[in-house]
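Text of input06.cif, listed as mmCIF, C-alpha atoms and all ligand atoms:
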```cif
data_run
#
loop_
_atom_site.label_atom_id
_atom_site.label_comp_id
_atom_site.auth_asym_id
_atom_site.auth_seq_id
_atom_site.Cartn_x
_atom_site.Cartn_y
_atom_site.Cartn_z
CA MET S 832 109.84 101.03 79.66
CA LEU S 833 107.10 103.26 78.34
CA ASN S 834 104.88 100.33 77.74
CA LEU S 835 105.19 98.98 81.22
CA SER S 836 104.55 102.20 83.05
CA ARG S 837 101.52 103.11 80.96
CA ARG S 838 100.01 99.64 81.03
CA ASP S 839 100.49 99.42 84.75
CA PHE S 840 98.59 102.63 85.20
CA VAL S 841 95.82 101.71 82.82
CA VAL S 842 95.15 98.36 84.33
CA SER S 843 95.75 98.85 87.98
CA THR S 844 94.79 102.44 88.66
CA ALA S 845 92.42 103.84 86.06
CA MET S 846 90.40 100.71 85.56
CA ALA S 847 90.23 99.99 89.25
CA ALA S 848 89.06 103.52 89.95
CA ALA S 849 86.53 103.40 87.14
CA LEU S 850 85.12 100.12 88.33
CA GLY S 851 85.31 100.98 92.01
CA LEU S 852 87.51 97.93 92.58
CA ASN S 853 90.87 97.43 94.17
CA ALA S 854 93.83 96.95 91.85
CA ARG S 855 94.19 93.21 92.53
CA LEU S 856 90.65 92.52 91.36
CA ALA S 857 91.03 94.69 88.29
CA ILE S 858 93.75 92.49 86.81
CA SER S 859 91.81 89.25 87.32
CA PRO S 860 90.91 87.27 84.16
CA ALA S 861 87.32 88.54 84.26
CA PHE S 862 88.71 91.87 83.12
CA ALA S 863 91.05 90.49 80.47
CA GLN S 864 91.38 92.68 77.40
CA LYS S 865 88.93 91.85 74.61
CA THR S 866 90.57 93.93 71.88
CA PRO S 867 93.53 92.17 70.22
CA ASP S 868 96.79 94.14 70.21
CA PRO S 869 98.01 95.10 66.74
CA ALA S 870 100.26 92.48 65.15
CA LYS S 871 103.02 95.06 65.04
CA GLY S 872 103.08 97.59 67.86
CA PHE S 873 104.77 100.42 66.00
CA VAL S 874 104.32 102.11 62.64
CA THR S 875 106.78 104.59 61.13
CA TYR S 876 105.86 107.15 58.48
CA LYS S 877 107.30 110.33 57.03
CA ILE S 878 106.08 113.90 57.26
CA GLY S 879 108.48 115.61 54.85
CA ALA S 880 111.94 114.88 56.21
CA ALA S 881 110.60 114.14 59.69
CA GLU S 882 110.30 110.52 60.78
CA VAL S 883 107.21 109.82 62.87
CA THR S 884 106.73 106.59 64.81
CA ALA S 885 103.40 105.66 66.37
CA LEU S 886 103.94 103.36 69.38
CA TYR S 887 100.97 101.32 70.56
CA ASP S 888 100.81 101.46 74.33
CA GLY S 889 97.70 99.47 75.16
CA ILE S 890 93.98 100.07 75.37
CA TRP S 891 91.46 100.89 78.07
CA GLU S 892 88.15 99.20 77.41
CA LYS S 893 86.17 101.70 79.42
CA PRO S 894 82.89 100.37 80.83
CA HIS S 895 79.86 102.42 79.82
CA ASP S 896 78.89 105.15 82.25
CA PRO S 897 75.88 107.46 81.81
CA ALA S 898 78.01 110.33 83.14
CA PHE S 899 80.69 109.95 80.44
CA ILE S 900 78.89 112.14 77.88
CA ALA S 901 76.56 114.65 79.53
CA ASN S 902 74.33 115.26 76.52
CA ALA S 903 74.19 111.74 75.05
CA SER S 904 72.78 108.51 76.44
CA VAL S 905 74.67 105.23 76.79
CA GLU S 906 72.57 103.99 73.86
CA ASP S 907 73.76 106.96 71.77
CA VAL S 908 77.36 106.19 72.73
CA LYS S 909 76.94 102.50 71.82
CA ALA S 910 75.46 103.46 68.44
CA ALA S 911 78.38 105.81 67.77
CA MET S 912 80.90 103.06 68.59
CA VAL S 913 79.14 100.66 66.20
CA LYS S 914 79.00 103.30 63.46
CA ALA S 915 82.78 103.63 63.78
CA GLY S 916 83.19 99.86 63.43
CA LEU S 917 84.05 99.33 67.10
CA PRO S 918 82.52 97.01 69.74
CA ALA S 919 79.44 98.40 71.47
CA ASP S 920 79.96 96.84 74.89
CA PHE S 921 82.64 99.30 76.07
CA VAL S 922 84.31 102.52 74.92
CA SER S 923 87.62 101.73 73.19
CA ILE S 924 90.29 104.13 74.42
CA PRO S 925 93.65 103.10 72.94
CA PHE S 926 96.91 104.86 73.80
CA THR S 927 99.34 105.71 71.02
CA VAL S 928 102.53 107.60 71.75
CA VAL S 929 104.16 109.52 68.91
CA VAL S 930 107.92 109.87 68.50
CA VAL S 931 109.20 112.51 66.07
CA LYS S 932 112.77 112.49 64.78
CA ASN S 933 113.55 115.73 63.03
CA GLY S 934 116.44 118.17 62.79
CA GLY S 935 118.71 115.98 64.88
CA LYS S 936 116.27 115.80 67.82
CA THR S 937 114.12 112.95 69.10
CA VAL S 938 110.84 114.14 70.60
CA LEU S 939 108.51 111.84 72.51
CA CYS S 940 105.03 113.36 72.51
CA ASP S 941 103.26 112.51 75.78
CA THR S 942 105.25 112.07 77.68
CA ILE S 943 108.28 114.41 77.28
CA LEU S 944 106.64 117.05 75.15
CA ILE S 945 103.49 117.21 77.29
CA SER S 946 100.04 118.09 75.94
CA HIS S 947 98.31 118.28 79.32
CA CYS S 948 98.49 116.88 82.83
CA HIS S 949 95.93 114.08 82.85
CA PRO S 950 97.29 110.81 84.30
CA ASP S 951 97.39 108.89 81.02
CA HIS S 952 99.65 111.61 79.57
CA ILE S 953 102.09 112.30 82.44
CA PHE S 954 102.23 109.36 84.84
CA GLY S 955 104.78 107.75 82.51
CA LEU S 956 107.17 110.46 83.74
CA MET S 957 107.13 109.15 87.31
CA GLU S 958 107.98 105.81 88.85
CA LYS S 959 105.14 104.17 90.72
CA GLU S 960 105.33 104.46 94.50
CA THR S 961 108.49 106.62 94.56
CA ASN S 962 107.68 109.31 91.92
CA LYS S 963 111.31 109.13 90.79
CA PRO S 964 111.83 110.64 87.33
CA VAL S 965 111.69 108.08 84.52
CA PHE S 966 113.46 110.47 82.12
CA PRO S 967 115.85 112.49 84.32
CA ASN S 968 118.11 113.39 81.40
CA ALA S 969 115.39 114.53 78.99
CA GLU S 970 114.04 118.04 78.76
CA LEU S 971 110.32 118.03 79.58
CA VAL S 972 108.33 120.68 77.73
CA ILE S 973 104.88 121.93 78.71
CA SER S 974 102.67 124.96 78.21
CA ASP S 975 103.17 127.53 80.96
CA VAL S 976 99.38 127.80 81.38
CA GLU S 977 99.04 124.07 82.04
CA TYR S 978 102.01 123.97 84.39
CA LYS S 979 100.84 126.94 86.44
CA PHE S 980 97.26 125.62 86.68
CA TRP S 981 98.23 122.26 88.18
CA THR S 982 101.05 123.51 90.42
CA ASP S 983 98.99 126.29 92.03
CA PRO S 984 98.36 125.12 95.63
CA ALA S 985 94.97 126.87 95.55
CA VAL S 986 93.75 124.70 92.66
CA ILE S 987 93.20 121.65 94.87
CA ASP S 988 90.21 123.24 96.58
CA ARG S 989 88.68 124.16 93.21
CA LEU S 990 89.05 120.75 91.57
CA PRO S 991 86.42 118.01 91.69
CA GLU S 992 87.20 115.25 94.18
CA ALA S 993 88.36 112.83 91.46
CA ARG S 994 91.11 115.22 90.32
CA LYS S 995 92.48 116.35 93.69
CA GLY S 996 94.89 113.40 94.02
CA LEU S 997 96.30 114.15 90.57
CA ALA S 998 97.04 117.77 91.50
CA ARG S 999 98.64 116.67 94.78
CA ARG S 1000 100.93 114.23 92.99
CA ILE S 1001 101.94 116.86 90.42
CA GLN S 1002 102.62 119.39 93.17
CA ALA S 1003 104.76 116.88 95.08
CA VAL S 1004 106.88 116.15 92.01
CA PHE S 1005 107.12 118.77 89.25
CA PRO S 1006 108.41 121.70 91.34
CA THR S 1007 111.28 119.48 92.60
CA TRP S 1008 112.51 118.68 89.07
CA ASN S 1009 114.87 121.00 87.20
CA ASN S 1010 114.34 119.62 83.69
CA ILE S 1011 110.90 121.10 82.97
CA ARG S 1012 110.73 123.92 80.42
CA GLN S 1013 107.53 125.99 80.43
CA VAL S 1014 106.58 127.45 77.06
CA ALA S 1015 104.31 130.41 76.39
CA GLY S 1016 101.88 130.70 73.48
CA GLU S 1017 102.39 128.73 70.29
CA ALA S 1018 106.19 128.76 70.24
CA GLU S 1019 108.35 126.35 68.26
CA VAL S 1020 109.55 123.89 70.91
CA ALA S 1021 111.64 121.51 68.77
CA PRO S 1022 112.68 121.47 65.10
CA GLY S 1023 109.45 121.84 63.08
CA ILE S 1024 107.14 121.42 66.10
CA ARG S 1025 104.95 124.21 67.47
CA LEU S 1026 102.43 124.21 70.28
CA VAL S 1027 98.84 124.90 69.19
CA ASN S 1028 96.44 126.45 71.70
CA ALA S 1029 93.59 123.98 72.24
CA PRO S 1030 92.23 124.69 75.73
CA GLY S 1031 89.10 123.22 77.29
CA HIS S 1032 90.01 119.59 77.88
CA THR S 1033 92.30 121.20 80.47
CA PRO S 1034 93.06 124.93 80.80
CA GLY S 1035 96.45 124.68 79.09
CA HIS S 1036 95.85 121.71 76.78
CA ARG S 1037 97.94 122.00 73.62
CA ALA S 1038 98.04 120.21 70.28
CA PHE S 1039 101.38 119.95 68.46
CA HIS S 1040 101.89 121.00 64.85
CA LEU S 1041 104.69 119.29 62.95
CA SER S 1042 105.80 120.69 59.64
CA SER S 1043 108.59 119.65 57.31
CA GLY S 1044 108.81 120.99 53.77
CA ALA S 1045 105.33 120.95 52.28
CA ASN S 1046 104.03 118.32 54.71
CA GLU S 1047 102.23 118.85 57.99
CA LEU S 1048 100.84 116.70 60.80
CA MET S 1049 98.49 117.96 63.52
CA ILE S 1050 99.21 115.91 66.63
CA SER S 1051 95.84 116.65 68.22
CA ASN S 1052 96.41 114.91 71.57
CA ASP S 1053 93.05 115.02 73.44
CA THR S 1054 91.37 117.80 71.44
CA ALA S 1055 89.16 115.09 69.89
CA TYR S 1056 90.07 112.25 72.20
CA VAL S 1057 87.75 109.39 71.13
CA PRO S 1058 86.97 110.21 67.49
CA ALA S 1059 84.09 107.72 67.27
CA LEU S 1060 82.32 109.97 69.78
CA VAL S 1061 83.53 113.56 69.53
CA VAL S 1062 84.81 113.81 65.95
CA ALA S 1063 81.49 112.43 64.75
CA ASN S 1064 79.61 114.51 67.35
CA PRO S 1065 81.80 117.54 68.15
CA GLY S 1066 79.09 118.99 70.41
CA TRP S 1067 79.08 116.06 72.81
CA ARG S 1068 80.06 117.15 76.29
CA GLY S 1069 82.61 114.71 77.66
CA GLN S 1070 83.18 114.16 81.36
CA TYR S 1071 86.94 114.52 80.88
CA ASP S 1072 86.63 117.95 79.26
CA GLN S 1073 87.15 120.35 82.13
CA ASP S 1074 85.43 123.20 80.27
CA ALA S 1075 83.21 121.42 77.76
CA ALA S 1076 82.12 124.52 75.81
CA LEU S 1077 85.69 125.70 75.39
CA ALA S 1078 86.80 122.16 74.50
CA GLU S 1079 84.15 122.03 71.77
CA ALA S 1080 85.26 125.39 70.35
CA SER S 1081 88.91 124.25 70.32
CA ARG S 1082 87.91 120.94 68.71
CA ARG S 1083 85.94 122.57 65.89
CA LYS S 1084 88.67 125.13 65.26
CA LEU S 1085 91.40 122.48 65.08
CA LEU S 1086 89.41 120.08 62.87
CA ASP S 1087 88.41 122.94 60.54
CA ARG S 1088 92.07 123.94 60.25
CA VAL S 1089 93.11 120.36 59.42
CA ILE S 1090 90.46 120.26 56.66
CA ALA S 1091 91.25 123.73 55.27
CA ASP S 1092 95.00 123.10 55.20
CA LYS S 1093 94.55 119.54 53.83
CA ILE S 1094 96.97 118.10 56.40
CA MET S 1095 97.29 114.86 58.32
CA ILE S 1096 96.04 114.47 61.87
CA CYS S 1097 96.79 111.97 64.62
CA GLY S 1098 95.51 111.63 68.16
CA TYR S 1099 96.58 109.97 71.36
CA HIS S 1100 93.37 107.93 71.61
CA PHE S 1101 92.70 107.49 67.87
CA PRO S 1102 92.48 103.90 66.55
CA PHE S 1103 96.05 102.64 66.03
CA PRO S 1104 98.23 103.73 64.27
CA GLY S 1105 96.28 106.90 64.79
CA ALA S 1106 97.11 109.00 61.72
CA GLY S 1107 94.56 109.98 59.11
CA THR S 1108 92.57 112.72 57.48
CA ILE S 1109 89.42 114.63 58.47
CA SER S 1110 86.42 115.59 56.38
CA LYS S 1111 83.10 117.26 57.11
CA ASP S 1112 80.26 114.79 57.64
CA GLY S 1113 76.85 116.34 58.12
CA ALA S 1114 76.86 118.31 61.37
CA GLY S 1115 80.05 116.58 62.47
CA TYR S 1116 83.29 115.30 61.05
CA ALA S 1117 84.67 111.99 59.86
CA LEU S 1118 88.12 110.55 60.53
CA ASP S 1119 89.67 108.35 57.89
CA VAL S 1120 92.52 106.49 59.62
CA ILE S 1121 95.35 105.15 57.56
CA LYS S 1122 95.62 101.42 58.14
CA ALA S 1123 98.74 99.92 59.70
ZN ZN N 1201 94.08 111.25 77.31
#
```

Taking this structure as input, can you express it in the form of structure tokens?
Amino acid sequence: MLNLSRRDFVVSTAMAAALGLNARLAISPAFAQKTPDPAKGFVTYKIGAAEVTALYDGIWEKPHDPAFIANASVEDVKAAMVKAGLPADFVSIPFTVVVVKNGGKTVLCDTILISHCHPDHIFGLMEKETNKPVFPNAELVISDVEYKFWTDPAVIDRLPEARKGLARRIQAVFPTWNNIRQVAGEAEVAPGIRLVNAPGHTPGHRAFHLSSGANELMISNDTAYVPALVVANPGWRGQYDQDAALAEASRRKLLDRVIADKIMICGYHFPFPGAGTISKDGAGYALDVIKA
């Protein structure tokens, strides 16, 4: 169910919009995926007593766009992809959902515990066309800052054109649901899981910190969305970071914490299965992903 809704969005909406095509064209063979799916689409590992499962949910092979990184050229972006061992002819943006089982609870991170309201993180909550809830019996948890930002009717006028439709859809849906819990600050939202303030990508973007016994995992969400680009070059100003300076500050703070505390990190757009460690690397950082 998750797979279908996310893939549908990635192929028919995001790619079509990015390419300026209609959805029917975007799924033609000319746009067939070049990156092979992993042989096994899920990987389970332990963080203390917590069971974590990474679920592969597809990949967006994003065509290069000079506007994607404001302070780097397409050639710079291609070189960074190659340095990370990835193809140069598009930006690889995989989607990996994390499920945490701990303390008798099952928590789906993006999209039930919500990091932020970008389409690739919340559209899995809503049926296409009808906006009916996909998970009507689950509690949906989100930062109060993020919720209030997107549901404020006045925000639509302030948003760039490309984000207005997103805000309209959120405003047509979220306020009519009664299973959304807004959370302030860095509260514990489920057994062993706390929100971590990481604003900038969006105003209320949050990472999730899982701890069990002596083990910890920083579920970084989109703090360092494509590591080949912004872990290696934390100062790069990405188009999807709403406040790029704040996003950079949050990124550096979170990566420094992961290094100082010697803990694991994973990310929604990290190479599958998405969990690894961070080290300093010159002026930037390096991600060492644990192989599936
Ligand atoms: Zn994302």

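Using all atoms listed in the file as the basis for the distance check, residues found within 10 Å of ligand ZN 1201 (chain N) are Ile924, Pro925, Phe926, Thr927, Asp941, Ser946, His947, Cys948, His949, Pro950, Asp951, His952, Ile953, His1032, Asn1052, Asp1053, Thr1054, Ala1055, Tyr1056, Val1057, Tyr1071, Gly1098, Tyr1099 and His1100 of chain S.
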
Preceding selection exported with C-alpha atoms as a PDB file, in the frame of the given file:
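Done, and the output landed in result-v8.pdb:
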```
ATOM      1  CA  ILE S 924      90.290 104.130  74.420  1.00  0.00           C
ATOM      2  CA  PRO S 925      93.650 103.100  72.940  1.00  0.00           C
ATOM      3  CA  PHE S 926      96.910 104.860  73.800  1.00  0.00           C
ATOM      4  CA  THR S 927      99.340 105.710  71.020  1.00  0.00           C
ATOM      5  CA  ASP S 941     103.260 112.510  75.780  1.00  0.00           C
ATOM      6  CA  SER S 946     100.040 118.090  75.940  1.00  0.00           C
ATOM      7  CA  HIS S 947      98.310 118.280  79.320  1.00  0.00           C
ATOM      8  CA  CYS S 948      98.490 116.880  82.830  1.00  0.00           C
ATOM      9  CA  HIS S 949      95.930 114.080  82.850  1.00  0.00           C
ATOM     10  CA  PRO S 950      97.290 110.810  84.300  1.00  0.00           C
ATOM     11  CA  ASP S 951      97.390 108.890  81.020  1.00  0.00           C
ATOM     12  CA  HIS S 952      99.650 111.610  79.570  1.00  0.00           C
ATOM     13  CA  ILE S 953     102.090 112.300  82.440  1.00  0.00           C
ATOM     14  CA  HIS S1032      90.010 119.590  77.880  1.00  0.00           C
ATOM     15  CA  ASN S1052      96.410 114.910  71.570  1.00  0.00           C
ATOM     16  CA  ASP S1053      93.050 115.020  73.440  1.00  0.00           C
ATOM     17  CA  THR S1054      91.370 117.800  71.440  1.00  0.00           C
ATOM     18  CA  ALA S1055      89.160 115.090  69.890  1.00  0.00           C
ATOM     19  CA  TYR S1056      90.070 112.250  72.200  1.00  0.00           C
ATOM     20  CA  VAL S1057      87.750 109.390  71.130  1.00  0.00           C
ATOM     21  CA  TYR S1071      86.940 114.520  80.880  1.00  0.00           C
ATOM     22  CA  GLY S1098      95.510 111.630  68.160  1.00  0.00           C
ATOM     23  CA  TYR S1099      96.580 109.970  71.360  1.00  0.00           C
ATOM     24  CA  HIS S1100      93.370 107.930  71.610  1.00  0.00           C
TER      25      HIS S1100
END
```

Expressed in Å, the length from atom CA of S:Gly1035 to atom CA of S:Val976 is 4.9 Å

Please return as a ChimeraX atom specification every residue within 12 Å of (101.2, 122.9, 70.8), taking into account all atoms listed in the file and the file's own coordinates. /S:940-941,944-947,972-977,1013-1021,1023-1030,1035-1041,1048-1054,1085

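Considering the residues S:Lys914, S:Arg1068, S:Lys936, S:Arg1012 and counting only C-alpha atoms, S:Ala1117 has its shortest atom-to-atom contact with S:Lys914.
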
- So what do you get for atom CA of S:Lys893 versus atom CA of S:Ser923, distance-wise?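 Spanning atom CA of S:Lys893 to atom CA of S:Ser923 is a straight-line distance of 6.4 Å.
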
Taking (99.5, 123.9, 93.0) in the file's coordinates as the center, which residues reach within 10 Å of it, counting only C-alpha atoms, put as a list in words?
Tyr978, Lys979, Phe980, Trp981, Thr982, Asp983, Pro984, Ala985, Val986, Ile987, Asp988, Ala998, Arg999, Arg1000, Ile1001, Gln1002, Ala1003, Phe1005 and Pro1006 of chain S

For a test of reading the model, state the distance in Å between atom CA of S:Val1120 and atom CA of S:Phe1101, rounded to one decimal.
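Taking atom CA of S:Val1120 as the start and atom CA of S:Phe1101 as the end point, the length is 8.3 Å.
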
Write out as an mmCIF file with C-alpha atoms, in the frame of the given file which residues come within 7 Å of S:Ile1011 when counting all atoms listed in the file, dropping same-chain ones fewer than 3 positions away.
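The result, written out as part39.cif:
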```cif
data_model
loop_
_atom_site.group_PDB
_atom_site.id
_atom_site.type_symbol
_atom_site.label_atom_id
_atom_site.label_comp_id
_atom_site.auth_asym_id
_atom_site.auth_seq_id
_atom_site.Cartn_x
_atom_site.Cartn_y
_atom_site.Cartn_z
ATOM 1 C CA GLU S 970 114.040 118.040 78.760
ATOM 2 C CA LEU S 971 110.320 118.030 79.580
ATOM 3 C CA VAL S 972 108.330 120.680 77.730
ATOM 4 C CA TRP S 1008 112.510 118.680 89.070
#
```

For S:Ala898, please output as an mmCIF file with C-alpha atoms, in the frame of the given file all residues within 12 Å (counting all atoms listed in the file; exclusion window: fewer than 2 positions along the same chain).
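After the write, out35.cif holds the following:
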```
data_model
loop_
_atom_site.group_PDB
_atom_site.id
_atom_site.type_symbol
_atom_site.label_atom_id
_atom_site.label_comp_id
_atom_site.auth_asym_id
_atom_site.auth_seq_id
_atom_site.Cartn_x
_atom_site.Cartn_y
_atom_site.Cartn_z
ATOM 1 C CA ALA S 849 86.530 103.400 87.140
ATOM 2 C CA PRO S 894 82.890 100.370 80.830
ATOM 3 C CA HIS S 895 79.860 102.420 79.820
ATOM 4 C CA ASP S 896 78.890 105.150 82.250
ATOM 5 C CA ILE S 900 78.890 112.140 77.880
ATOM 6 C CA ALA S 901 76.560 114.650 79.530
ATOM 7 C CA ASN S 902 74.330 115.260 76.520
ATOM 8 C CA ALA S 903 74.190 111.740 75.050
ATOM 9 C CA SER S 904 72.780 108.510 76.440
ATOM 10 C CA VAL S 905 74.670 105.230 76.790
ATOM 11 C CA VAL S 908 77.360 106.190 72.730
ATOM 12 C CA TRP S 1067 79.080 116.060 72.810
ATOM 13 C CA ARG S 1068 80.060 117.150 76.290
ATOM 14 C CA GLY S 1069 82.610 114.710 77.660
ATOM 15 C CA GLN S 1070 83.180 114.160 81.360
ATOM 16 C CA TYR S 1071 86.940 114.520 80.880
#
```

Counting all atoms listed in the file, the residue among S:Ile878, S:Glu992, S:Thr1007, S:Lys1122 that lies closest to S:Met1095 is S:Ile878

Using all atoms listed in the file, the shortest atom-to-atom distance to S:Asp868 among S:Ile890, S:Asp1119, S:Ala885, S:Ala993 belongs to S:Ile890

For a quick check of understanding, using only C-alpha atoms, which of S:Thr1033, S:Ile1121, S:Leu886, S:Ser1042 has the smallest distance to S:Leu990?
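So, comparing all the options, the nearest one is S:Thr1033.
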